[in-house]
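Asker: Structure supplied as my_file-v8.tsv; contents: TSV, C-alpha atoms.
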chain	number	residue	atom	x	y	z
A	135	MET	CA	22.64	-131.62	-51.40
A	136	VAL	CA	26.06	-132.11	-49.88
A	137	ARG	CA	26.07	-132.52	-46.13
A	138	PRO	CA	28.64	-130.64	-44.10
A	139	ILE	CA	31.48	-132.64	-42.60
A	140	SER	CA	31.04	-133.23	-38.87
A	141	ASP	CA	33.29	-131.48	-36.38
A	142	ASP	CA	34.67	-134.86	-35.25
A	143	LYS	CA	35.68	-135.72	-38.79
A	144	ARG	CA	37.25	-132.27	-39.25
A	145	ALA	CA	39.26	-132.74	-36.03
A	146	ASP	CA	40.43	-136.16	-37.23
A	147	ILE	CA	41.49	-134.70	-40.60
A	148	ILE	CA	43.49	-131.98	-38.81
A	149	ALA	CA	45.12	-134.59	-36.56
A	150	ALA	CA	46.06	-136.69	-39.60
A	151	LYS	CA	47.52	-133.66	-41.39
A	152	GLN	CA	49.52	-132.77	-38.27
A	153	ARG	CA	51.00	-136.30	-38.37
A	154	ASN	CA	52.02	-135.54	-41.98
A	155	GLU	CA	49.74	-138.23	-43.42
A	156	PRO	CA	49.41	-137.90	-47.21
A	157	ALA	CA	46.16	-136.36	-48.46
A	158	THR	CA	45.51	-139.38	-50.68
A	159	GLN	CA	45.48	-141.63	-47.61
A	160	ILE	CA	43.31	-139.22	-45.58
A	161	LYS	CA	40.92	-139.03	-48.51
A	162	LYS	CA	40.40	-142.81	-48.37
A	163	TRP	CA	40.02	-142.91	-44.59
A	164	PHE	CA	37.35	-140.22	-44.43
A	165	ASN	CA	35.71	-140.76	-47.82
A	166	THR	CA	36.16	-137.14	-48.88
A	167	SER	CA	37.99	-135.24	-51.59
A	168	GLU	CA	41.53	-133.91	-51.42
A	169	ARG	CA	40.11	-130.45	-52.06
A	170	THR	CA	37.96	-130.69	-48.93
A	171	ILE	CA	40.94	-131.83	-46.90
A	172	SER	CA	42.97	-128.93	-48.29
A	173	ARG	CA	40.22	-126.41	-47.47
A	174	ILE	CA	39.88	-127.67	-43.88
A	175	TRP	CA	43.65	-127.70	-43.36
A	176	ASN	CA	44.18	-124.23	-44.87
A	177	LYS	CA	41.41	-122.76	-42.74
A	178	TYR	CA	42.91	-124.38	-39.65
A	179	GLN	CA	46.34	-122.93	-40.44
A	180	LYS	CA	44.94	-119.42	-41.01
A	181	THR	CA	42.40	-119.22	-38.18
A	182	GLY	CA	43.31	-121.95	-35.71
A	183	THR	CA	39.82	-123.42	-36.00
A	184	TYR	CA	38.31	-126.03	-38.25
A	185	ASN	CA	34.67	-125.08	-37.69
A	186	PRO	CA	32.73	-124.46	-40.91
A	187	THR	CA	32.00	-120.90	-41.90
A	188	PRO	CA	28.27	-120.27	-41.60
A	189	ASN	CA	26.47	-119.53	-44.82
A	190	THR	CA	24.84	-116.19	-44.09
A	191	GLY	CA	23.48	-115.67	-47.58
A	192	ARG	CA	23.64	-112.71	-49.83
A	193	LYS	CA	24.02	-109.22	-48.39
A	194	SER	CA	21.10	-106.87	-48.81
A	195	LYS	CA	21.26	-104.39	-51.66
A	196	LEU	CA	19.56	-101.85	-49.41
A	197	THR	CA	21.22	-99.83	-46.68
A	198	PRO	CA	19.73	-99.28	-43.22
A	199	LYS	CA	18.98	-95.69	-44.31
A	200	GLN	CA	16.95	-97.01	-47.25
A	201	ASP	CA	15.14	-99.43	-44.92
A	202	GLN	CA	14.12	-96.48	-42.76
A	203	GLN	CA	12.98	-94.53	-45.83
A	204	ILE	CA	10.83	-97.50	-46.84
A	205	LYS	CA	9.25	-97.67	-43.38
A	206	ASP	CA	8.61	-93.92	-43.32
A	207	THR	CA	7.11	-93.92	-46.82
A	208	ILE	CA	4.80	-96.84	-46.06
A	209	THR	CA	3.73	-95.23	-42.78
A	210	LYS	CA	2.83	-91.98	-44.57
A	211	ASN	CA	1.24	-93.71	-47.56
A	212	PRO	CA	0.05	-97.24	-46.66
A	213	ASP	CA	-1.73	-97.73	-50.02
A	214	ILE	CA	1.46	-97.30	-52.07
A	215	THR	CA	2.16	-100.08	-54.56
A	216	LEU	CA	5.47	-101.88	-54.87
A	217	ILE	CA	6.20	-100.14	-58.17
A	218	GLU	CA	5.37	-96.70	-56.75
A	219	LEU	CA	7.52	-97.38	-53.68
A	220	ASN	CA	10.41	-98.57	-55.84
A	221	ASP	CA	10.14	-95.54	-58.16
A	222	LYS	CA	9.68	-92.99	-55.37
A	223	LEU	CA	12.77	-94.14	-53.47
A	224	SER	CA	14.83	-95.14	-56.57
A	225	LEU	CA	15.54	-98.55	-55.04
A	226	ASN	CA	16.25	-100.28	-58.36
A	227	LEU	CA	14.74	-103.61	-57.22
A	228	THR	CA	12.31	-105.96	-58.94
A	229	GLU	CA	8.78	-106.18	-57.58
A	230	GLY	CA	9.54	-109.64	-56.24
A	231	GLY	CA	12.80	-108.49	-54.68
A	232	LEU	CA	11.11	-105.56	-52.97
A	233	SER	CA	8.24	-107.76	-51.78
A	234	PHE	CA	10.73	-110.25	-50.33
A	235	HIS	CA	12.65	-107.45	-48.62
A	236	LEU	CA	9.45	-106.04	-47.09
A	237	LYS	CA	8.62	-109.48	-45.69
A	238	LYS	CA	12.11	-109.74	-44.18
A	239	MET	CA	11.57	-106.33	-42.59
A	240	GLY	CA	8.31	-107.61	-41.07
A	241	LEU	CA	6.14	-105.27	-43.12
A	242	THR	CA	2.85	-106.33	-44.65
A	243	PHE	CA	2.53	-107.28	-48.29
A	244	LYS	CA	2.15	-104.27	-50.54
A	245	LYS	CA	-0.11	-104.20	-53.57
A	246	ARG	CA	1.21	-105.07	-57.00
A	247	ARG	CA	0.05	-103.28	-60.12
A	248	SER	CA	-1.48	-106.50	-61.52
A	249	MET	CA	-3.57	-106.91	-58.38
A	250	GLN	CA	-4.61	-103.28	-58.45
A	251	THR	CA	-5.83	-103.36	-62.06
A	252	ALA	CA	-7.65	-106.64	-61.54
A	253	LYS	CA	-9.40	-105.13	-58.50
A	254	ASN	CA	-10.36	-101.96	-60.39
A	255	GLU	CA	-11.65	-103.67	-63.53
A	256	PRO	CA	-15.42	-103.76	-63.90
A	257	THR	CA	-17.00	-107.15	-63.24
Could you quickly redo this structure as structure tokens?
Answerer:
Amino acid sequence: MVRPISDDKRADIIAAKQRNEPATQIKKWFNTSERTISRIWNKYQKTGTYNPTPNTGRKSKLTPKQDQQIKDTITKNPDITLIELNDKLSLNLTEGGLSFHLKKMGLTFKKRRSMQTAKNEPT
């Protein structure tokens, strides 16, 4: 995993670029790539800051309205399976994706079809 460049190092790279130091020289001083130097410099020129952009992850495929529909459906029918919930609300998610989303919403784990059939099979 690549570690982010410290704010001190970013500030030093900006200072070197402002002194018109060549990127090849800066690259040697800070043991980084010219591409990284270019990215830091371009961001500084556009935004006035050199702070890294936080990685917030992928945006949810579901809207807040769909989140509310999920909560309402589970409240009315707490025994609904993931597949039934997905089909009823036309969410178009995988079982795993829906399960993960429910956990992010703070809702309890919903039954999967495989668990339901195993539970209902005679022993």
Asker: Any idea what the distance is between atom CA of Phe234 of chain A and atom CA of Glu218 of chain A?
Answerer: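 Between atom CA of Phe234 of chain A and atom CA of Glu218 of chain A the gap is 15.9 Å.
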Asker: Using only C-alpha atoms, determine which residues lie at most 10 Å from segment 198-209 of chain A, disregarding the query and same-chain residues fewer than 3 positions distant; provide the list as a VMD selection string.
Answerer: chain A and resid 194 to 195 212 to 215 219 to 220 222 to 225 235 to 236 239 241 to 242 244
Asker: Would you mind reading off the distance between atom CA of Leu216 of chain A and atom CA of Glu229 of chain A, one decimal, in Å?
Answerer: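 Between these atoms lies a distance of 6.1 Å.
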Asker: I need the residue nearest Ile174 of chain A from this list: A:Asn226, A:Ile147, A:Pro188, A:Ile217. Use only C-alpha atoms for the distance.
Answerer: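 Among the listed residues, A:Ile147 lies closest to Ile174 of chain A.
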Asker: Please identify all polymer residues within 12 Å of Tyr178 of chain A, counting all atoms listed in the file, omitting same-chain residues fewer than 4 positions from it, and present them as JSON, numbers by chain.
Answerer: {"A": [144, 145, 147, 148, 149, 151, 152, 171, 172, 173, 174, 182, 183, 184, 185, 186, 187]}
